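work31.cif (mmCIF, C-alpha atoms)
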data_work
#
loop_
_atom_site.label_atom_id
_atom_site.label_comp_id
_atom_site.auth_asym_id
_atom_site.auth_seq_id
_atom_site.Cartn_x
_atom_site.Cartn_y
_atom_site.Cartn_z
CA MET A 1 2.50 20.45 -26.61
CA PRO A 2 3.98 16.94 -26.96
CA THR A 3 1.25 14.30 -27.00
CA VAL A 4 2.02 10.65 -27.64
CA SER A 5 -0.71 8.33 -28.91
CA ILE A 6 -0.75 4.69 -27.89
CA ASP A 7 -2.53 2.64 -30.56
CA LEU A 8 -3.23 -0.94 -29.57
CA THR A 9 -5.49 -3.56 -31.12
CA HIS A 10 -8.27 -3.17 -28.57
CA CYS A 11 -7.77 0.39 -27.32
CA GLN A 12 -6.18 3.75 -27.93
CA TYR A 13 -5.20 6.44 -25.44
CA GLU A 14 -3.23 9.65 -25.21
CA VAL A 15 -0.20 10.51 -23.11
CA VAL A 16 -0.24 14.27 -22.58
CA VAL A 17 3.11 15.84 -21.71
CA GLU A 18 2.80 19.52 -20.87
CA GLU A 19 3.88 21.86 -18.11
CA GLY A 20 0.77 22.75 -16.14
CA SER A 21 -1.29 19.90 -17.62
CA LEU A 22 -2.51 18.87 -14.16
CA SER A 23 -4.80 21.91 -14.19
CA THR A 24 -6.46 20.59 -17.36
CA LEU A 25 -7.32 17.23 -15.79
CA VAL A 26 -11.08 17.72 -15.56
CA GLN A 27 -11.45 18.71 -19.20
CA ARG A 28 -9.37 15.74 -20.31
CA LEU A 29 -11.45 13.38 -18.18
CA SER A 30 -14.55 14.85 -19.79
CA ASP A 31 -13.02 14.27 -23.22
CA ILE A 32 -12.72 10.54 -22.51
CA GLY A 33 -16.16 10.35 -20.95
CA VAL A 34 -15.50 9.51 -17.31
CA THR A 35 -16.25 12.73 -15.41
CA GLY A 36 -19.83 11.76 -14.58
CA LYS A 37 -18.69 8.71 -12.64
CA LYS A 38 -17.41 8.13 -9.13
CA CYS A 39 -13.65 8.22 -8.74
CA ALA A 40 -11.22 6.60 -6.31
CA VAL A 41 -7.99 8.60 -6.08
CA ILE A 42 -5.10 6.41 -4.94
CA THR A 43 -1.91 8.11 -3.82
CA ASP A 44 0.84 7.77 -1.20
CA THR A 45 1.91 9.72 1.86
CA ASN A 46 4.58 11.68 0.00
CA VAL A 47 2.70 12.67 -3.14
CA GLY A 48 -0.60 13.13 -1.33
CA ALA A 49 0.90 15.86 0.83
CA HIS A 50 1.67 17.88 -2.30
CA TYR A 51 -1.14 17.18 -4.75
CA LEU A 52 -4.09 15.28 -3.26
CA ALA A 53 -5.94 18.38 -2.07
CA LYS A 54 -5.60 20.06 -5.47
CA VAL A 55 -6.76 17.03 -7.42
CA SER A 56 -9.63 16.42 -5.00
CA GLU A 57 -10.80 20.03 -5.25
CA MET A 58 -10.71 20.01 -9.05
CA LEU A 59 -12.76 16.81 -9.20
CA THR A 60 -15.34 17.75 -6.58
CA THR A 61 -15.79 21.22 -8.12
CA ALA A 62 -16.56 19.46 -11.40
CA GLY A 63 -19.19 17.35 -9.66
CA VAL A 64 -17.20 14.12 -9.48
CA GLU A 65 -17.88 12.13 -6.32
CA ILE A 66 -14.54 10.93 -4.99
CA SER A 67 -12.96 8.84 -2.30
CA THR A 68 -9.28 9.11 -1.47
CA HIS A 69 -6.98 6.24 -0.53
CA THR A 70 -3.49 7.03 0.75
CA VAL A 71 -0.95 4.25 1.12
CA GLN A 72 2.45 4.41 2.79
CA ALA A 73 5.12 5.71 0.42
CA GLY A 74 7.62 3.11 -0.72
CA GLU A 75 7.95 -0.23 -2.45
CA GLY A 76 6.48 -2.02 0.55
CA SER A 77 3.00 -0.85 -0.48
CA LYS A 78 3.16 -2.93 -3.67
CA SER A 79 1.66 -5.94 -1.92
CA LEU A 80 -1.47 -8.07 -2.02
CA SER A 81 -2.39 -6.97 1.49
CA VAL A 82 -2.47 -3.32 0.40
CA VAL A 83 -4.48 -4.28 -2.71
CA GLU A 84 -7.05 -5.90 -0.43
CA THR A 85 -7.13 -2.91 1.92
CA VAL A 86 -7.65 -0.39 -0.88
CA SER A 87 -10.21 -2.57 -2.67
CA ARG A 88 -12.26 -3.00 0.51
CA GLU A 89 -12.08 0.75 1.18
CA MET A 90 -13.45 1.34 -2.32
CA ILE A 91 -16.31 -1.10 -1.75
CA GLN A 92 -17.13 0.59 1.55
CA ALA A 93 -17.09 3.98 -0.21
CA GLY A 94 -19.76 2.75 -2.62
CA HIS A 95 -17.71 2.24 -5.74
CA ASP A 96 -18.89 -0.19 -8.40
CA ARG A 97 -18.18 -1.06 -12.02
CA GLN A 98 -19.23 2.45 -13.08
CA SER A 99 -16.42 4.01 -11.07
CA PHE A 100 -12.88 4.79 -12.22
CA VAL A 101 -9.50 5.08 -10.53
CA ILE A 102 -6.88 7.82 -10.64
CA ALA A 103 -3.31 6.77 -9.84
CA LEU A 104 -1.63 9.87 -8.40
CA GLY A 105 2.01 9.08 -7.71
CA GLY A 106 5.12 7.31 -8.88
CA GLY A 107 5.66 3.80 -10.14
CA VAL A 108 4.56 2.08 -6.93
CA VAL A 109 1.23 3.91 -6.87
CA GLY A 110 0.72 3.43 -10.61
CA ASP A 111 1.37 -0.31 -10.46
CA LEU A 112 -0.76 -0.73 -7.35
CA ALA A 113 -3.68 1.43 -8.49
CA GLY A 114 -3.63 -0.09 -11.96
CA PHE A 115 -3.79 -3.58 -10.49
CA VAL A 116 -6.65 -2.59 -8.18
CA ALA A 117 -8.50 -1.16 -11.20
CA SER A 118 -7.86 -4.35 -13.19
CA ILE A 119 -9.54 -6.60 -10.61
CA PHE A 120 -12.14 -4.32 -8.97
CA TYR A 121 -15.54 -5.54 -10.22
CA ARG A 122 -13.45 -7.50 -12.77
CA GLY A 123 -11.99 -4.33 -14.24
CA ILE A 124 -12.75 -0.61 -14.23
CA PRO A 125 -11.03 2.28 -16.07
CA PHE A 126 -8.06 4.10 -14.59
CA VAL A 127 -6.06 7.22 -15.31
CA GLN A 128 -2.37 7.73 -14.62
CA ILE A 129 -0.96 10.96 -13.18
CA PRO A 130 2.70 9.99 -12.75
CA THR A 131 4.86 12.14 -10.50
CA THR A 132 8.41 10.73 -10.86
CA ILE A 133 10.85 10.40 -13.75
CA VAL A 134 10.55 6.59 -13.65
CA SER A 135 6.78 6.68 -13.85
CA GLN A 136 6.59 9.51 -16.36
CA VAL A 137 8.93 7.98 -18.93
CA ASP A 138 8.26 4.30 -18.29
CA SER A 139 5.86 2.64 -15.89
CA SER A 140 2.77 4.82 -16.52
CA VAL A 141 2.67 3.70 -20.16
CA GLY A 142 2.07 0.21 -21.44
CA GLY A 143 -0.49 -1.31 -19.10
CA LYS A 144 1.71 -3.41 -16.86
CA THR A 145 0.27 -3.45 -13.34
CA GLY A 146 1.05 -5.60 -10.35
CA VAL A 147 2.55 -6.14 -6.94
CA ASN A 148 5.58 -7.79 -5.41
CA THR A 149 5.93 -10.90 -3.27
CA PRO A 150 8.86 -11.95 -1.06
CA GLU A 151 9.93 -14.19 -3.95
CA GLY A 152 10.32 -11.36 -6.46
CA LYS A 153 9.09 -8.16 -8.09
CA ASN A 154 5.90 -7.86 -10.12
CA LEU A 155 5.17 -11.59 -10.12
CA ILE A 156 1.44 -11.03 -9.52
CA GLY A 157 -0.32 -8.61 -11.82
CA ALA A 158 -2.30 -7.98 -14.97
CA PHE A 159 -2.11 -6.11 -18.26
CA HIS A 160 -4.59 -3.23 -17.88
CA GLN A 161 -4.13 -0.18 -20.08
CA PRO A 162 -4.97 3.28 -18.72
CA LYS A 163 -7.65 5.42 -20.37
CA LEU A 164 -5.40 8.48 -20.18
CA VAL A 165 -1.95 9.52 -18.92
CA VAL A 166 -1.44 13.12 -17.82
CA ILE A 167 2.21 14.08 -17.36
CA ASP A 168 2.99 17.46 -15.86
CA PRO A 169 6.79 17.99 -15.70
CA GLU A 170 6.22 20.69 -13.06
CA MET A 171 5.29 17.96 -10.59
CA LEU A 172 8.89 16.72 -10.65
CA LYS A 173 9.98 19.84 -8.75
CA THR A 174 8.75 18.37 -5.46
CA LEU A 175 10.89 15.23 -5.77
CA PRO A 176 13.88 14.81 -3.47
CA ASN A 177 17.15 14.86 -5.41
CA ARG A 178 17.84 11.14 -4.99
CA GLU A 179 14.37 10.15 -6.25
CA TYR A 180 14.69 12.61 -9.12
CA ARG A 181 18.02 11.27 -10.35
CA GLU A 182 17.20 7.57 -10.01
CA GLY A 183 14.56 7.91 -12.71
CA TYR A 184 17.18 8.70 -15.30
CA ALA A 185 18.27 5.05 -15.23
CA GLU A 186 15.16 4.33 -17.32
CA VAL A 187 15.91 7.26 -19.64
CA ILE A 188 19.43 5.96 -20.18
CA LYS A 189 17.95 2.51 -20.83
CA HIS A 190 15.78 3.91 -23.62
CA ALA A 191 18.79 5.62 -25.17
CA CYS A 192 20.73 2.34 -25.04
CA ILE A 193 18.11 0.21 -26.74
CA ARG A 194 16.54 2.56 -29.28
CA ASP A 195 18.04 6.08 -29.47
CA GLU A 196 21.80 6.50 -29.57
CA ALA A 197 21.42 10.23 -30.29
CA MET A 198 19.74 10.67 -26.90
CA VAL A 199 23.01 9.73 -25.20
CA ALA A 200 24.60 12.98 -26.36
CA ASP A 201 21.53 14.95 -25.25
CA LEU A 202 21.74 13.39 -21.79
CA GLU A 203 25.45 14.17 -21.58
CA GLN A 204 24.58 17.86 -22.13
CA LEU A 205 21.48 18.06 -19.92
CA ASP A 206 21.75 20.39 -16.91
CA LEU A 207 20.21 18.52 -13.98
CA GLU A 208 19.96 21.73 -11.97
CA ILE A 209 17.34 23.11 -14.35
CA LEU A 210 13.87 21.91 -13.36
CA PRO A 211 11.64 20.68 -14.75
CA PRO A 212 13.38 18.70 -17.51
CA PRO A 213 12.30 19.48 -21.08
CA ALA A 214 8.86 18.11 -21.91
CA ASP A 215 10.22 17.09 -25.31
CA LEU A 216 12.78 14.79 -23.65
CA LEU A 217 10.07 13.11 -21.60
CA ALA A 218 7.85 12.74 -24.68
CA ARG A 219 10.73 11.27 -26.67
CA ASN A 220 11.17 8.56 -24.04
CA ILE A 221 7.45 7.88 -23.91
CA ALA A 222 7.39 7.51 -27.69
CA ILE A 223 10.09 4.83 -27.49
CA LYS A 224 8.10 2.94 -24.87
CA ALA A 225 4.89 3.41 -26.86
CA ARG A 226 6.27 2.03 -30.10
CA VAL A 227 7.70 -1.04 -28.36
CA VAL A 228 4.41 -1.67 -26.53
CA GLU A 229 2.48 -1.34 -29.78
CA GLU A 230 4.70 -3.95 -31.37
CA ASP A 231 4.34 -6.41 -28.50
CA GLU A 232 1.74 -5.38 -25.91
CA LYS A 233 1.76 -8.60 -23.89
CA GLU A 234 5.33 -9.79 -24.42
CA ILE A 235 4.46 -12.43 -26.99
CA SER A 236 6.83 -11.67 -29.87
CA GLY A 237 9.74 -10.74 -27.62
CA THR A 238 10.09 -7.11 -28.73
CA ARG A 239 8.78 -5.74 -25.45
CA ALA A 240 11.48 -7.69 -23.64
CA LEU A 241 13.96 -5.11 -24.96
CA LEU A 242 12.59 -2.75 -22.30
CA ASN A 243 14.12 -5.10 -19.74
CA PHE A 244 17.68 -4.04 -20.60
CA GLY A 245 19.50 -3.84 -17.26
CA HIS A 246 16.50 -5.25 -15.39
CA THR A 247 17.28 -8.96 -15.03
CA ILE A 248 20.23 -8.49 -12.71
CA GLY A 249 18.86 -5.13 -11.56
CA HIS A 250 15.65 -6.69 -10.26
CA GLY A 251 17.68 -9.44 -8.61
CA ILE A 252 19.73 -6.83 -6.77
CA GLU A 253 16.64 -4.82 -5.83
CA ALA A 254 14.93 -7.91 -4.42
CA SER A 255 18.04 -8.85 -2.40
CA VAL A 256 17.87 -5.89 -0.03
CA PRO A 257 15.12 -4.55 2.23
CA TYR A 258 12.56 -2.37 0.46
CA GLY A 259 13.83 1.18 0.15
CA GLU A 260 17.51 0.43 0.68
CA LEU A 261 18.03 0.73 -3.07
CA LEU A 262 15.64 2.71 -5.25
CA HIS A 263 14.44 1.02 -8.43
CA GLY A 264 16.57 3.19 -10.72
CA GLU A 265 19.64 2.66 -8.57
CA ALA A 266 19.29 -1.11 -8.87
CA ILE A 267 18.68 -0.77 -12.62
CA SER A 268 21.85 1.32 -12.91
CA LEU A 269 23.84 -1.58 -11.46
CA GLY A 270 21.98 -3.98 -13.73
CA THR A 271 22.81 -1.77 -16.70
CA ARG A 272 26.52 -1.87 -15.95
CA ALA A 273 26.29 -5.68 -15.75
CA ALA A 274 24.39 -5.84 -19.05
CA LEU A 275 26.99 -3.62 -20.70
CA TYR A 276 29.75 -5.94 -19.47
CA LEU A 277 27.95 -8.97 -20.91
CA SER A 278 27.23 -7.10 -24.15
CA VAL A 279 30.91 -6.36 -24.65
CA LYS A 280 31.86 -9.96 -23.94
CA HIS A 281 29.08 -11.77 -25.79
CA ALA A 282 27.53 -9.38 -28.33
CA GLY A 283 30.42 -7.31 -29.68
CA LEU A 284 29.43 -4.02 -28.07
CA PRO A 285 32.45 -1.72 -28.44
CA GLN A 286 34.10 -1.14 -25.08
CA GLU A 287 34.17 2.61 -25.66
CA GLN A 288 30.37 2.63 -25.97
CA ALA A 289 30.01 0.71 -22.72
CA ASP A 290 32.41 3.16 -21.06
CA ARG A 291 30.33 6.05 -22.32
CA ILE A 292 27.14 4.72 -20.73
CA ASN A 293 28.89 3.88 -17.47
CA ALA A 294 30.20 7.44 -17.37
CA LEU A 295 26.68 8.72 -17.99
CA LEU A 296 25.32 6.67 -15.08
CA GLN A 297 27.97 8.22 -12.84
CA GLN A 298 27.20 11.70 -14.20
CA TYR A 299 23.62 11.28 -13.01
CA GLY A 300 24.74 10.18 -9.56
CA LEU A 301 23.64 6.58 -10.07
CA PRO A 302 25.53 3.68 -8.44
CA VAL A 303 27.82 1.51 -10.55
CA VAL A 304 29.57 -0.50 -7.81
CA LEU A 305 27.75 -3.26 -5.90
CA ALA A 306 28.02 -3.24 -2.13
CA GLU A 307 29.85 -6.22 -0.63
CA SER A 308 26.93 -6.70 1.78
CA ILE A 309 24.68 -7.77 -1.11
CA LYS A 310 25.63 -11.39 -1.69
CA THR A 311 25.96 -12.83 -5.17
CA GLU A 312 24.19 -16.05 -4.23
CA THR A 313 21.21 -14.05 -2.94
CA ILE A 314 20.95 -12.11 -6.20
CA ALA A 315 21.23 -15.32 -8.23
CA GLU A 316 18.46 -16.94 -6.19
CA LYS A 317 16.17 -13.94 -6.62
CA MET A 318 16.77 -13.93 -10.36
CA LYS A 319 15.44 -17.49 -10.68
CA THR A 320 11.90 -16.27 -10.05
CA ASP A 321 12.19 -13.44 -12.57
CA LYS A 322 9.64 -13.53 -15.38
CA LYS A 323 12.50 -13.22 -17.85
CA PHE A 324 13.53 -16.79 -17.04
CA SER A 325 11.38 -18.93 -19.33
CA ALA A 326 11.21 -22.66 -18.51
CA GLY A 327 14.60 -22.30 -16.86
CA GLN A 328 16.10 -20.62 -19.92
CA ILE A 329 17.65 -17.21 -19.43
CA LYS A 330 16.43 -14.51 -21.80
CA PHE A 331 18.80 -11.59 -21.45
CA VAL A 332 18.84 -8.27 -23.32
CA LEU A 333 22.19 -7.37 -24.84
CA LEU A 334 23.46 -4.54 -27.04
CA LYS A 335 25.28 -4.98 -30.33
CA SER A 336 25.83 -1.24 -30.33
CA LEU A 337 24.13 1.77 -28.78
CA GLY A 338 20.56 1.86 -30.04
CA GLU A 339 20.61 -1.76 -31.22
CA ALA A 340 19.36 -4.23 -28.62
CA PHE A 341 18.36 -7.86 -28.94
CA VAL A 342 17.23 -10.72 -26.71
CA SER A 343 19.80 -13.49 -26.25
CA SER A 344 19.15 -17.03 -25.03
CA ASP A 345 22.82 -17.94 -25.08
CA LEU A 346 23.91 -16.77 -21.63
CA THR A 347 24.34 -19.16 -18.73
CA ALA A 348 23.82 -18.70 -15.01
CA ASP A 349 27.61 -18.61 -14.68
CA ASP A 350 27.73 -15.66 -17.09
CA LEU A 351 25.31 -13.73 -14.91
CA VAL A 352 27.27 -14.55 -11.76
CA GLU A 353 30.43 -13.33 -13.48
CA ALA A 354 28.72 -10.06 -14.36
CA ILE A 355 27.52 -9.60 -10.78
CA GLU A 356 31.06 -10.10 -9.50
CA GLU A 357 32.27 -7.54 -12.06
CA LEU A 358 30.01 -4.99 -10.37
CA ARG A 359 32.16 -5.19 -7.24
CA LYS A 360 35.12 -3.68 -9.09
CA PRO A 361 35.48 0.09 -9.30
CA LEU A 362 35.31 1.57 -12.77
CA ASN A 363 38.60 2.82 -14.11
#
Before anything else, please render the file you have as structure tokens.
Amino acid sequence: MPTVSIDLTHCQYEVVVEEGSLSTLVQRLSDIGVTGKKCAVITDTNVGAHYLAKVSEMLTTAGVEISTHTVQAGEGSKSLSVVETVSREMIQAGHDRQSFVIALGGGVVGDLAGFVASIFYRGIPFVQIPTTIVSQVDSSVGGKTGVNTPEGKNLIGAFHQPKLVVIDPEMLKTLPNREYREGYAEVIKHACIRDEAMVADLEQLDLEILPPPADLLARNIAIKARVVEEDEKEISGTRALLNFGHTIGHGIEASVPYGELLHGEAISLGTRAALYLSVKHAGLPQEQADRINALLQQYGLPVVLAESIKTETIAEKMKTDKKFSAGQIKFVLLKSLGEAFVSSDLTADDLVEAIEELRKPLN
């Protein structure tokens, strides 16, 4: 059974990756000492239909007093208004600082529930049960929580590490195909920045076989874990490497109505742009960039930007991105596959050029 330990200065927790691990939830909660407390289970309309009843039954059978809070599925629920609604529901249900939260869902639910846990009674424990590729290999680990505003993604939030992450690959079987594939943008990102050998593994992976190998998921989590351990709160700059493809990707995602582009789809476009800039400004061999672009296409991810998404809109959205420090652009580039670094040498014109490059079909 792959288990990844996250060892930080002030806390340590386990990420369990095992088929069927959802059924072991109660025992694992007991192991970390939270089963005797009240629990707020936060989920969304999609995931709740599949798993809320099962999780609720397991908890109540074990004597845990629970309340359930179901938000509308989609990025639109990552908002301060939903945070307030859920927090007030928890107060009305009798929760206090002895309670804990379970985030049952994908990245939106994890970010939202984690943020609620970080501010409820000034901070209570929470547990992640991620149900998408994106959340299983990326967002459930590392303690970043938060919500969006009209000005940009994740601009309001807090660092709040989970007490436990339970990843059951079997839960991916209920994902629609589009939502399943979009998550691989984050897997490809990890391969680009830290694990060139994973590129070949992804080229050989059969997407029709579900669930994906637990070892592959654990390998991605280990990459995220080691980076987070080196730079938990983005002080040294190491954690910024996880933003490969995200600067322009987030700008694209914020330029369209919520749901028009999934997160991984926007990051795929951002990855192609980052590859272009890496070739031009960091010496990335063109054949390596071509290989990753081909991999994005293999996974059914977009690599051409729609004409309806205006460059000036993307550029404006990028100005509020947290990766712009005092007006200076910090952009992740690749010297070669597996070797990423943060550059401060790019200009706004360079980014606009890369966005325009996305409008061209790949050869």
For A:Asn363: contacts at 10 Å, only C-alpha atoms, fewer than 2 positions along chain excluded, given as an MDAnalysis selection string = chainID A and resid 290 360:361
Matched chain/residue IDs from the PyMOL selection byres ((chain A and resi 108) around 9), as a tab-separated table (two decimals) with C-alpha atoms, in the frame of the given file:
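Generated output (expr.tsv):
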chain	number	residue	atom	x	y	z
A	44	ASP	CA	0.84	7.77	-1.20
A	73	ALA	CA	5.12	5.71	0.42
A	74	GLY	CA	7.62	3.11	-0.72
A	75	GLU	CA	7.95	-0.23	-2.45
A	76	GLY	CA	6.48	-2.02	0.55
A	77	SER	CA	3.00	-0.85	-0.48
A	78	LYS	CA	3.16	-2.93	-3.67
A	105	GLY	CA	2.01	9.08	-7.71
A	106	GLY	CA	5.12	7.31	-8.88
A	107	GLY	CA	5.66	3.80	-10.14
A	109	VAL	CA	1.23	3.91	-6.87
A	110	GLY	CA	0.72	3.43	-10.61
A	111	ASP	CA	1.37	-0.31	-10.46
A	112	LEU	CA	-0.76	-0.73	-7.35
A	113	ALA	CA	-3.68	1.43	-8.49
A	135	SER	CA	6.78	6.68	-13.85
A	147	VAL	CA	2.55	-6.14	-6.94
Considering all atoms listed in the file, return as a ChimeraX atom specification whatever protein or nucleic-acid residues lie within 9 Å of stretch 351-356 of chain A, sequence-local ones (same chain, fewer than 5 positions apart) excluded.
-> /A:248,269-270,272-274,276-277,305,311-312,314-315,346
Considering only C-alpha atoms, state which residue in the set A:Gln128, A:His250, A:Val279, A:Asp168 is at the smallest distance from A:Lys335.
->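 Distance minimum relative to A:Lys335 lands on A:Val279.
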Two-atom distance - atom CA of A:Phe331, atom CA of A:Asp345 (Å) = 8.3 Å
Which one of A:Leu216, A:Leu261, A:Ser278, A:Met90 sits closest to A:Asp350 if you count all atoms listed in the file?
-> A:Ser278
Selected by the PyMOL selection byres ((chain A and resi 161) around 12) in the shown coordinates: which residues, as a PyMOL selection string?
-> chain A and resi 6-15+110-111+113-115+117-118+123-128+139-145+158-160+162-165+225+228-229+232-233
Could you work out how far atom CA of A:Gln98 lies from atom CA of A:Val86, giving the answer in Å with one decimal?
->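 Atom CA of A:Val86 sits 17.1 Å away from atom CA of A:Gln98.
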Which residues match the PyMOL selection byres ((chain A and resi 197-201) around 10) in the file above, as number ranges by chain?
-> A: 187-192, 194-196, 202-206, 216, 219-220, 291-292, 295, 337-338
Residues just named, written with C-alpha atoms as an mmCIF file, in the coordinates of the input:
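Output contents, as saved in selection-v1.cif:
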data_model
loop_
_atom_site.group_PDB
_atom_site.id
_atom_site.type_symbol
_atom_site.label_atom_id
_atom_site.label_comp_id
_atom_site.auth_asym_id
_atom_site.auth_seq_id
_atom_site.Cartn_x
_atom_site.Cartn_y
_atom_site.Cartn_z
ATOM 1 C CA VAL A 187 15.910 7.260 -19.640
ATOM 2 C CA ILE A 188 19.430 5.960 -20.180
ATOM 3 C CA LYS A 189 17.950 2.510 -20.830
ATOM 4 C CA HIS A 190 15.780 3.910 -23.620
ATOM 5 C CA ALA A 191 18.790 5.620 -25.170
ATOM 6 C CA CYS A 192 20.730 2.340 -25.040
ATOM 7 C CA ARG A 194 16.540 2.560 -29.280
ATOM 8 C CA ASP A 195 18.040 6.080 -29.470
ATOM 9 C CA GLU A 196 21.800 6.500 -29.570
ATOM 10 C CA LEU A 202 21.740 13.390 -21.790
ATOM 11 C CA GLU A 203 25.450 14.170 -21.580
ATOM 12 C CA GLN A 204 24.580 17.860 -22.130
ATOM 13 C CA LEU A 205 21.480 18.060 -19.920
ATOM 14 C CA ASP A 206 21.750 20.390 -16.910
ATOM 15 C CA LEU A 216 12.780 14.790 -23.650
ATOM 16 C CA ARG A 219 10.730 11.270 -26.670
ATOM 17 C CA ASN A 220 11.170 8.560 -24.040
ATOM 18 C CA ARG A 291 30.330 6.050 -22.320
ATOM 19 C CA ILE A 292 27.140 4.720 -20.730
ATOM 20 C CA LEU A 295 26.680 8.720 -17.990
ATOM 21 C CA LEU A 337 24.130 1.770 -28.780
ATOM 22 C CA GLY A 338 20.560 1.860 -30.040
#
Straight-line distance linking atom CA of A:Asn177 with atom CA of A:Gly249, stated in Å to one decimal |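 Atom CA of A:Asn177 sits 21.0 Å away from atom CA of A:Gly249.
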I'd like the neighbourhood of stretch 25-38 of chain A as a JSON list (two decimals) with C-alpha atoms, keeping the file's coordinate frame, where a residue qualifies if any of its atoms comes within 10 Å (using only C-alpha atoms), though same-chain residues fewer than 4 positions away should be ignored.
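Okay, part24.json is ready:
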[["chain", "number", "residue", "atom", "x", "y", "z"],
["A", 13, "TYR", "CA", -5.20, 6.44, -25.44],
["A", 14, "GLU", "CA", -3.23, 9.65, -25.21],
["A", 16, "VAL", "CA", -0.24, 14.27, -22.58],
["A", 20, "GLY", "CA", 0.77, 22.75, -16.14],
["A", 21, "SER", "CA", -1.29, 19.90, -17.62],
["A", 55, "VAL", "CA", -6.76, 17.03, -7.42],
["A", 58, "MET", "CA", -10.71, 20.01, -9.05],
["A", 59, "LEU", "CA", -12.76, 16.81, -9.20],
["A", 60, "THR", "CA", -15.34, 17.75, -6.58],
["A", 61, "THR", "CA", -15.79, 21.22, -8.12],
["A", 62, "ALA", "CA", -16.56, 19.46, -11.40],
["A", 63, "GLY", "CA", -19.19, 17.35, -9.66],
["A", 64, "VAL", "CA", -17.20, 14.12, -9.48],
["A", 65, "GLU", "CA", -17.88, 12.13, -6.32],
["A", 66, "ILE", "CA", -14.54, 10.93, -4.99],
["A", 67, "SER", "CA", -12.96, 8.84, -2.30],
["A", 93, "ALA", "CA", -17.09, 3.98, -0.21],
["A", 94, "GLY", "CA", -19.76, 2.75, -2.62],
["A", 95, "HIS", "CA", -17.71, 2.24, -5.74],
["A", 96, "ASP", "CA", -18.89, -0.19, -8.40],
["A", 97, "ARG", "CA", -18.18, -1.06, -12.02],
["A", 98, "GLN", "CA", -19.23, 2.45, -13.08],
["A", 99, "SER", "CA", -16.42, 4.01, -11.07],
["A", 100, "PHE", "CA", -12.88, 4.79, -12.22],
["A", 101, "VAL", "CA", -9.50, 5.08, -10.53],
["A", 125, "PRO", "CA", -11.03, 2.28, -16.07],
["A", 126, "PHE", "CA", -8.06, 4.10, -14.59],
["A", 127, "VAL", "CA", -6.06, 7.22, -15.31],
["A", 129, "ILE", "CA", -0.96, 10.96, -13.18],
["A", 163, "LYS", "CA", -7.65, 5.42, -20.37],
["A", 164, "LEU", "CA", -5.40, 8.48, -20.18],
["A", 165, "VAL", "CA", -1.95, 9.52, -18.92],
["A", 166, "VAL", "CA", -1.44, 13.12, -17.82]]
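Compared by their closest atoms to A:Gly300, and using all atoms listed in the file, the residues A:Leu207, A:Ala40, A:Ala240, A:Leu275 rank with A:Leu207 nearest.
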Which residues, protein or nucleic acid, reach to within 9 Å of (0.8, 21.4, -9.7) in the file's coordinates when using only C-alpha atoms, and can you give that as a PDB file with C-alpha atoms, keeping the file's coordinate frame?
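Output contents, as saved in selection_19.pdb:
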ATOM      1  CA  GLU A  19       3.880  21.860 -18.110  1.00  0.00           C
ATOM      2  CA  GLY A  20       0.770  22.750 -16.140  1.00  0.00           C
ATOM      3  CA  SER A  21      -1.290  19.900 -17.620  1.00  0.00           C
ATOM      4  CA  LEU A  22      -2.510  18.870 -14.160  1.00  0.00           C
ATOM      5  CA  SER A  23      -4.800  21.910 -14.190  1.00  0.00           C
ATOM      6  CA  HIS A  50       1.670  17.880  -2.300  1.00  0.00           C
ATOM      7  CA  TYR A  51      -1.140  17.180  -4.750  1.00  0.00           C
ATOM      8  CA  LYS A  54      -5.600  20.060  -5.470  1.00  0.00           C
ATOM      9  CA  ASP A 168       2.990  17.460 -15.860  1.00  0.00           C
ATOM     10  CA  GLU A 170       6.220  20.690 -13.060  1.00  0.00           C
ATOM     11  CA  MET A 171       5.290  17.960 -10.590  1.00  0.00           C
TER      12      MET A 171
END
Could you list as an MDAnalysis selection string every residue that has an atom within 7 Å of (16.9, -19.2, -25.3), using the file's coordinates and counting all atoms listed in the file?
-> chainID A and resid 328:330 343:345
So which one's closest to A:Gln286, A:Glu186, A:Ser336, A:Glu57, A:Gly264? Using only C-alpha atoms, please.
-> A:Ser336
Using the file's own x, y and z axes, what box holds all listed atoms of stretch 267-286 of chain A with 8 Å on each side, keeping edges along x, y and z, and what are its centre and edge lengths in Å to one decimal, as lines of an AutoDock Vina configuration file?
center_x = 26.4
center_y = -5.2
center_z = -20.6
size_x = 31.4
size_y = 29.1
size_z = 34.2
